[in-house]
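Have a look at the structure below, then the notes.
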Amino acid sequence: MTNSSSSPTSRRWQPRSLALIGLGWAVLQIGGLFTPGLLDDVDSVYIQIAREMLQRHDFVTPTIDGIRFFDKPPLMYWMAAGSMHLFGIHDWAARIPLAVGVLVLLLAVYALGIRLFSAVSPAHAPDRAGLYAALAMATAIGPYLYTRFYIPDILIALWMTLSVHLFLIALERIDERRSPLLPMLGFAAILALSVLTKGLIGLVFPILFVLLYLAITKQLKLLLKLHLLASTAFFLLLAAPWHILAALRNPAIAMPTGVGLPAKAGWAWFYLYNEHIARFLGKRIPHDYGQVPIPLFWLLLVIWLIPWAAFLPAAVLDAVRDLRAAKAANRRFDSDADFSHEGVAPDRTREAALSLLLWPGIILGFFTLSSRQEYYHLPSLPALALLVGSLLAAADCRFTSSDPTAPDLPDRARRQALRGSLYFLVPMGTLLFLLCGYLCLTAHTPRPGAELNDLLSSNPALYNLSLGHVFDLTGSAMGFFRGPLLTVSLCMLFLGPISHLVRRRGRTFIANLLVAASMTGVLLAAHEGLARFYPILGSKGLALDIDAVRKPGDLILIDGELTSGSTLLFYTGQQVLLVNGHVNGPWFGSFWPDAPHIFANDTDLHALWHGPNRVFLLTYHPEARTQNLAPFGAVKYFARSGGKTVLSNR
């Protein structure tokens with residue numbers, strides 16, 4: 001069967017669409033490179049690892065604070081290190097690769113949308129579905145929130161999008177009696193990048209997609225034509241060297257007893273077993289991550305696609321309907337001996353529907369059965385965005401062209417888009433317009449010298465979740481966010497009621513651009529809110545205060561685990577000691593004989609406090625620590641921000 005969905009001319013990228021995608025990306029991503037500072041926890045940990053790679057000239061064994069860190073593969077570190085090598089040791093320089101990755105993802109979604117849906121897009125704009133899908137990915141809540149800190153999941157979304165597209169191109173070439181070697185080598189390269197981004201999970205999703213797609217379409221025999229030997233060899237050429245070197249440089253060593261570890265363990269045990277198999281089973285050591293309940297995990301899939309989730313139910317139902325119809329049509333065609341497969345609409349429809357249903361189904365099914373965090377389904381969002389894009393593009397056809405093979409499609413799509421707008425965007429937009437406007441008008445102006453942290457609640461049980469601190473917000477803290485609240489309120493008026501009125505008048509393209517533009521304003525307001533919330537989430541200000549007065553021999557300590565103030569490492573460029581912090585991230589690597597002595601207990605702290613060196617101690621419990629340290633020397637309050645205090649003995 002042919003997988004071709006349009007002529008080469010109709011697949012051409014459109015300059016206007018590229019300009020819209022580029023503008024949305026630049027406003028949201030480039031504008032967020034410079035503020036706020038790095039966040040404590042994984043954001044600053046990943047980027048500090050990249051910095052230490054540069055300093056040590058060792059790009060095989062990651063370290064944090066000088067301690068081996070085997071949690072993740074190296075591509076994210078390499079990217080940040082390469083950027084900082086070019087532009088200098090700056091937080092914005094380390095963020096550039098992720099921002100560029102988002103742009104490539106938007107273009108990859110755009111290209112796949114053209115391939116799959118040019119036939120249902122307006123005749124004058126065959127790229128319309130790809131454009132809408134790219135704008136949805138650029139302006140939806142989830143992809144934006146989870147590019148505010150340096151984690152790999154949005155890159156996995158990119159690799160998944162590219163691998164699906166390359167596989168479909170390979171099938172097309174087989175059908176056209178052309179060699180699929182080139183796309184399959186590209187597929188292998190993408191698999192290697194995916195594995196080097198987030199481990200073996202980057203291999204599982206694309207391969208499952210290929211096998212299930214071929215099985216469902218009864219084409220498993222095509223595996224023999226996909227140049228598996230050449231592709232596997234190319235994959236190993238790219239992915240294997242780092243794994244081999246990491247294993248050789250970090251062999252198994254004797255482990256302490258009574259801590260749950262095997263008698264001997266090294267990189268291979270921790271990375272291959274503990275970080276993959278044990279994590280899947282929820283038995284990873286140490287267990288330093290949250291677990292999202294399955295119902296919430298599925299609900300978050302919809303939330304992360306807001307506002308475009310308004311059109312998702314109808315788009316999914318249409319895909320299911322198209323898949324069934326295409327299957328029935330192909331059965332009829334298969335019974336016709338004179339039938340020629342060239343250019344058959346049911347085949348093109350099945351390719352799109354099956355691909356975009358199977359893709360998120362694999363990811364959601366996998367994490368439903370395994371350990372899961374609230375952002376693990378991000379790699380499925382491009383498929384859902386493409387489904388939404390196809391629906392909105394078909395709705396545009398009512399006013400520009402018609403599809404002779406499905407004359408009711410534009411009318412049905414228009415009705416579905418209107419219902420999604422009326423029953424989702426209008427209520428949501430109206431409610432948030434009123435709520436944010438009310439909070440903006442009634443919020444008390446903070447008193448001079450007040451800190452946001454003084455008005456927050458505390459929910460430490462939720463802090464293992466990536467957005468756990470959001471639940472600390474209280475009504476009395478809204479005065480710190482009056483500007484962002486006003487922006488969200490006004491944008492929601494345009495996103496909901498006004499865009500719906502425009503859509504009702506038949507200006508569907510303008511209505512969709514209004515949704516994207518309004519959501520851009522909302523996300524910029526969210527970024528500004530993050531910047532104002534930053535002192536609770538990061539310690540850049542405290543680090544700069546320390547660095548301004550620090551002299552050779554001065555010591556920096558964190559009262560607790562590393563992630564309580566991991567930004568101190570990056571912004572001071574100095575090794576940090578951990579008081580009672582021998583847990584989580586650097587715990588396993590600390591068992592190597594050459595690991596630096598960065599772990600201290602209260603007795604060590606007391607000795608350092610009355611010693612000859614000046615000590616800076618970041619703590620969340622200044623009163624208790626002051627009482628504890630007073631017998632050993634003077635206790636000075638050096639700086640305070642975001643609920644964290646730096647104490648000093650000088």
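Each chain of the structure tokens is named A, B, ... in the order shown, its residues numbered from 1; ligands are numbered from 1 in display order.
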Contacts of Ala417 of chain A within 8 Å, only C-alpha atoms, excl. fewer than 3 positions in-chain, as number ranges by chain: A: 311, 391-392, 395, 413-414, 420-421
Go ahead and save the residues from that selection, with all heavy atoms, as a PDB file, in the first residue's frame.
```pdb
ATOM      1  N   PHE A 311     -10.363  20.727  21.690  1.00  0.00           N
ATOM      2  CA  PHE A 311     -10.701  20.057  20.436  1.00  0.00           C
ATOM      3  C   PHE A 311     -10.241  18.601  20.406  1.00  0.00           C
ATOM      4  O   PHE A 311     -10.429  17.915  19.396  1.00  0.00           O
ATOM      5  CB  PHE A 311     -10.062  20.820  19.272  1.00  0.00           C
ATOM      6  CG  PHE A 311     -10.275  22.301  19.347  1.00  0.00           C
ATOM      7  CD1 PHE A 311      -9.235  23.154  19.713  1.00  0.00           C
ATOM      8  CD2 PHE A 311     -11.521  22.846  19.087  1.00  0.00           C
ATOM      9  CE1 PHE A 311      -9.431  24.522  19.787  1.00  0.00           C
ATOM     10  CE2 PHE A 311     -11.733  24.220  19.170  1.00  0.00           C
ATOM     11  CZ  PHE A 311     -10.683  25.064  19.526  1.00  0.00           C
ATOM     12  N   LEU A 391      -8.182  18.388  12.828  1.00  0.00           N
ATOM     13  CA  LEU A 391      -9.575  18.812  12.992  1.00  0.00           C
ATOM     14  C   LEU A 391      -9.736  20.292  12.643  1.00  0.00           C
ATOM     15  O   LEU A 391     -10.647  20.680  11.907  1.00  0.00           O
ATOM     16  CB  LEU A 391     -10.024  18.558  14.427  1.00  0.00           C
ATOM     17  CG  LEU A 391     -11.414  19.081  14.792  1.00  0.00           C
ATOM     18  CD1 LEU A 391     -12.489  18.267  14.097  1.00  0.00           C
ATOM     19  CD2 LEU A 391     -11.630  19.071  16.294  1.00  0.00           C
ATOM     20  N   LEU A 392      -8.853  21.130  13.173  1.00  0.00           N
ATOM     21  CA  LEU A 392      -8.968  22.565  12.932  1.00  0.00           C
ATOM     22  C   LEU A 392      -8.703  22.902  11.471  1.00  0.00           C
ATOM     23  O   LEU A 392      -9.334  23.816  10.912  1.00  0.00           O
ATOM     24  CB  LEU A 392      -7.998  23.318  13.834  1.00  0.00           C
ATOM     25  CG  LEU A 392      -8.265  23.191  15.342  1.00  0.00           C
ATOM     26  CD1 LEU A 392      -7.186  23.915  16.136  1.00  0.00           C
ATOM     27  CD2 LEU A 392      -9.648  23.735  15.692  1.00  0.00           C
ATOM     28  N   ALA A 395     -11.786  22.102   9.515  1.00  0.00           N
ATOM     29  CA  ALA A 395     -12.815  23.119   9.730  1.00  0.00           C
ATOM     30  C   ALA A 395     -12.576  24.338   8.852  1.00  0.00           C
ATOM     31  O   ALA A 395     -13.521  24.989   8.404  1.00  0.00           O
ATOM     32  CB  ALA A 395     -12.843  23.524  11.203  1.00  0.00           C
ATOM     33  N   ALA A 413     -16.297  19.008  10.906  1.00  0.00           N
ATOM     34  CA  ALA A 413     -15.166  19.549  11.657  1.00  0.00           C
ATOM     35  C   ALA A 413     -15.490  20.934  12.201  1.00  0.00           C
ATOM     36  O   ALA A 413     -15.112  21.269  13.330  1.00  0.00           O
ATOM     37  CB  ALA A 413     -13.926  19.607  10.765  1.00  0.00           C
ATOM     38  N   ARG A 414     -16.181  21.757  11.419  1.00  0.00           N
ATOM     39  CA  ARG A 414     -16.552  23.086  11.895  1.00  0.00           C
ATOM     40  C   ARG A 414     -17.471  22.980  13.100  1.00  0.00           C
ATOM     41  O   ARG A 414     -17.303  23.708  14.091  1.00  0.00           O
ATOM     42  CB  ARG A 414     -17.232  23.869  10.780  1.00  0.00           C
ATOM     43  CG  ARG A 414     -17.742  25.237  11.228  1.00  0.00           C
ATOM     44  CD  ARG A 414     -18.378  25.988  10.069  1.00  0.00           C
ATOM     45  NE  ARG A 414     -18.915  27.258  10.526  1.00  0.00           N
ATOM     46  CZ  ARG A 414     -20.150  27.430  11.016  1.00  0.00           C
ATOM     47  NH1 ARG A 414     -20.964  26.392  11.106  1.00  0.00           N
ATOM     48  NH2 ARG A 414     -20.559  28.621  11.411  1.00  0.00           N
ATOM     49  N   GLY A 420     -16.231  22.489  20.775  1.00  0.00           N
ATOM     50  CA  GLY A 420     -15.087  22.541  21.681  1.00  0.00           C
ATOM     51  C   GLY A 420     -14.850  23.944  22.203  1.00  0.00           C
ATOM     52  O   GLY A 420     -14.544  24.138  23.388  1.00  0.00           O
ATOM     53  N   SER A 421     -15.010  24.915  21.312  1.00  0.00           N
ATOM     54  CA  SER A 421     -14.838  26.304  21.727  1.00  0.00           C
ATOM     55  C   SER A 421     -15.933  26.729  22.695  1.00  0.00           C
ATOM     56  O   SER A 421     -15.663  27.364  23.719  1.00  0.00           O
ATOM     57  CB  SER A 421     -14.850  27.206  20.488  1.00  0.00           C
ATOM     58  OG  SER A 421     -14.762  28.561  20.844  1.00  0.00           O
TER      59      SER A 421
END
```
Just want the 9 Å neighbourhood of Ser566 of chain A, counted on only C-alpha atoms, with same-chain residues fewer than 3 positions away dropped. Output as a ChimeraX atom specification. /A:39-45,48,538-539,558,561-563,569-570,576
Restricting the output to N, CA, C and O atoms, write the selected residues as a PDB file, in the first residue's frame.
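And here's part.pdb as it stands now:
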```
ATOM      1  N   LEU A  39      16.983  26.641  38.909  1.00  0.00           N
ATOM      2  CA  LEU A  39      16.214  26.147  40.039  1.00  0.00           C
ATOM      3  C   LEU A  39      17.045  25.141  40.829  1.00  0.00           C
ATOM      4  O   LEU A  39      17.824  24.373  40.255  1.00  0.00           O
ATOM      5  N   ASP A  40      16.872  25.158  42.149  1.00  0.00           N
ATOM      6  CA  ASP A  40      17.453  24.078  42.940  1.00  0.00           C
ATOM      7  C   ASP A  40      16.832  22.758  42.488  1.00  0.00           C
ATOM      8  O   ASP A  40      15.690  22.716  42.033  1.00  0.00           O
ATOM      9  N   ASP A  41      17.544  21.684  42.615  1.00  0.00           N
ATOM     10  CA  ASP A  41      17.136  20.352  42.184  1.00  0.00           C
ATOM     11  C   ASP A  41      17.620  20.090  40.773  1.00  0.00           C
ATOM     12  O   ASP A  41      18.681  20.565  40.378  1.00  0.00           O
ATOM     13  N   VAL A  42      16.855  19.360  39.968  1.00  0.00           N
ATOM     14  CA  VAL A  42      17.371  18.761  38.743  1.00  0.00           C
ATOM     15  C   VAL A  42      17.892  19.804  37.760  1.00  0.00           C
ATOM     16  O   VAL A  42      18.867  19.558  37.040  1.00  0.00           O
ATOM     17  N   ASP A  43      17.282  20.977  37.691  1.00  0.00           N
ATOM     18  CA  ASP A  43      17.695  22.014  36.748  1.00  0.00           C
ATOM     19  C   ASP A  43      19.158  22.373  36.948  1.00  0.00           C
ATOM     20  O   ASP A  43      19.980  22.265  36.024  1.00  0.00           O
ATOM     21  N   SER A  44      19.513  22.790  38.141  1.00  0.00           N
ATOM     22  CA  SER A  44      20.902  23.175  38.407  1.00  0.00           C
ATOM     23  C   SER A  44      21.817  21.962  38.508  1.00  0.00           C
ATOM     24  O   SER A  44      23.015  22.064  38.194  1.00  0.00           O
ATOM     25  N   VAL A  45      21.292  20.813  38.912  1.00  0.00           N
ATOM     26  CA  VAL A  45      22.123  19.603  38.981  1.00  0.00           C
ATOM     27  C   VAL A  45      22.625  19.224  37.591  1.00  0.00           C
ATOM     28  O   VAL A  45      23.826  18.992  37.375  1.00  0.00           O
ATOM     29  N   GLN A  48      25.095  21.902  36.341  1.00  0.00           N
ATOM     30  CA  GLN A  48      26.361  21.839  37.066  1.00  0.00           C
ATOM     31  C   GLN A  48      27.179  20.627  36.629  1.00  0.00           C
ATOM     32  O   GLN A  48      28.412  20.699  36.540  1.00  0.00           O
ATOM     33  N   GLY A 538      14.853  28.662  43.912  1.00  0.00           N
ATOM     34  CA  GLY A 538      16.276  28.696  43.606  1.00  0.00           C
ATOM     35  C   GLY A 538      17.029  29.602  44.556  1.00  0.00           C
ATOM     36  O   GLY A 538      16.438  30.361  45.322  1.00  0.00           O
ATOM     37  N   SER A 539      18.346  29.545  44.487  1.00  0.00           N
ATOM     38  CA  SER A 539      19.191  30.260  45.447  1.00  0.00           C
ATOM     39  C   SER A 539      20.237  31.128  44.765  1.00  0.00           C
ATOM     40  O   SER A 539      21.302  31.391  45.320  1.00  0.00           O
ATOM     41  N   ILE A 558      25.563  23.325  52.859  1.00  0.00           N
ATOM     42  CA  ILE A 558      24.108  23.240  52.747  1.00  0.00           C
ATOM     43  C   ILE A 558      23.613  22.365  53.884  1.00  0.00           C
ATOM     44  O   ILE A 558      24.119  21.250  54.084  1.00  0.00           O
ATOM     45  N   GLU A 561      20.164  17.911  52.109  1.00  0.00           N
ATOM     46  CA  GLU A 561      20.632  17.278  50.880  1.00  0.00           C
ATOM     47  C   GLU A 561      20.996  18.309  49.826  1.00  0.00           C
ATOM     48  O   GLU A 561      20.646  19.493  49.921  1.00  0.00           O
ATOM     49  N   LEU A 562      21.679  17.863  48.794  1.00  0.00           N
ATOM     50  CA  LEU A 562      22.227  18.749  47.776  1.00  0.00           C
ATOM     51  C   LEU A 562      21.159  19.609  47.125  1.00  0.00           C
ATOM     52  O   LEU A 562      21.367  20.805  46.879  1.00  0.00           O
ATOM     53  N   THR A 563      19.994  19.024  46.814  1.00  0.00           N
ATOM     54  CA  THR A 563      18.976  19.760  46.078  1.00  0.00           C
ATOM     55  C   THR A 563      18.323  20.855  46.906  1.00  0.00           C
ATOM     56  O   THR A 563      17.532  21.633  46.377  1.00  0.00           O
ATOM     57  N   LEU A 569      26.292  25.671  43.874  1.00  0.00           N
ATOM     58  CA  LEU A 569      27.430  25.098  43.155  1.00  0.00           C
ATOM     59  C   LEU A 569      27.720  25.868  41.873  1.00  0.00           C
ATOM     60  O   LEU A 569      28.864  26.219  41.584  1.00  0.00           O
ATOM     61  N   PHE A 570      26.666  26.115  41.095  1.00  0.00           N
ATOM     62  CA  PHE A 570      26.868  26.732  39.783  1.00  0.00           C
ATOM     63  C   PHE A 570      27.277  28.192  39.907  1.00  0.00           C
ATOM     64  O   PHE A 570      28.216  28.644  39.239  1.00  0.00           O
ATOM     65  N   VAL A 576      30.678  22.418  47.503  1.00  0.00           N
ATOM     66  CA  VAL A 576      29.783  22.649  48.635  1.00  0.00           C
ATOM     67  C   VAL A 576      29.785  21.411  49.518  1.00  0.00           C
ATOM     68  O   VAL A 576      29.775  20.278  49.017  1.00  0.00           O
TER      69      VAL A 576
END
```
If DSSP is run on the backbone, what residues of segment 383-580 of chain A are helix (DSSP H, G or I)? A reply as number ranges by chain would be ideal. A: 383-399, 409-442, 452-455, 460-462, 468-472, 475-504, 508-537, 540-549, 562-564, 567-572
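Atom CA of Leu514 of chain A is positioned 28.5 Å from atom CA of Gly479 of chain A.
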Please provide as a list of chain:residue names all residues within 12 Å of Pro241 of chain A, with the sequence filter that same-chain residues fewer than 6 positions apart are discarded (counting only C-alpha atoms).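 Here the qualifying residues turn out to be A:Phe59, A:Val60, A:Pro74, A:Ala192, A:Leu196, A:Phe234, A:Phe235, A:Ala247, A:Leu248.
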Find the residues around Phe117 of chain A up to 12 Å (only C-alpha atoms counted), leave out those fewer than 5 positions away in its own chain, and share them as a PyMOL selection string. chain A and resi 3-7+10-11+109-112+122-123+125-133+319+345+348-353+356+386-394
How would the residues just chosen look if you wrote them out with C-alpha atoms as a tab-separated table (two decimals), in the first residue's frame?
```
chain	number	residue	atom	x	y	z
A	3	ASN	CA	1.61	5.91	2.26
A	4	SER	CA	1.86	8.96	0.06
A	5	SER	CA	-0.66	11.56	1.10
A	6	SER	CA	0.02	14.41	-1.30
A	7	SER	CA	2.08	15.56	-4.19
A	10	SER	CA	1.50	20.26	-1.74
A	11	ARG	CA	4.10	19.21	0.82
A	109	VAL	CA	5.59	18.44	14.12
A	110	TYR	CA	4.88	20.88	11.28
A	111	ALA	CA	6.55	18.58	8.74
A	112	LEU	CA	4.72	15.48	9.96
A	122	PRO	CA	-7.50	23.96	2.72
A	123	ALA	CA	-6.41	23.74	-0.92
A	125	ALA	CA	-2.83	26.06	2.56
A	126	PRO	CA	-2.01	22.34	2.53
A	127	ASP	CA	0.27	22.84	5.54
A	128	ARG	CA	-2.53	24.18	7.75
A	129	ALA	CA	-2.81	21.07	9.96
A	130	GLY	CA	0.94	21.07	10.55
A	131	LEU	CA	0.86	24.77	11.38
A	132	TYR	CA	-1.91	24.35	13.94
A	133	ALA	CA	-0.19	21.34	15.49
A	319	ALA	CA	-9.34	9.33	14.22
A	345	ALA	CA	-7.43	7.75	0.32
A	348	ARG	CA	-3.57	7.63	3.72
A	349	THR	CA	-6.28	8.03	6.32
A	350	ARG	CA	-5.28	4.83	8.08
A	351	GLU	CA	-1.64	5.89	8.22
A	352	ALA	CA	-2.54	9.11	10.03
A	353	ALA	CA	-5.20	7.69	12.34
A	356	LEU	CA	-1.46	9.17	16.01
A	386	LEU	CA	-1.41	16.68	15.29
A	387	LEU	CA	-4.89	15.21	15.80
A	388	VAL	CA	-6.13	18.59	16.97
A	389	GLY	CA	-4.40	20.27	14.03
A	390	SER	CA	-6.14	17.98	11.56
A	391	LEU	CA	-9.57	18.81	12.99
A	392	LEU	CA	-8.97	22.57	12.93
A	393	ALA	CA	-7.53	22.42	9.41
A	394	ALA	CA	-10.55	20.48	8.16
```
Work out how far apart atom CA of Gln627 of chain A and atom CA of Arg550 of chain A are and give it in Å to one decimal.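 Between atom CA of Gln627 of chain A and atom CA of Arg550 of chain A the gap works out to 24.6 Å.
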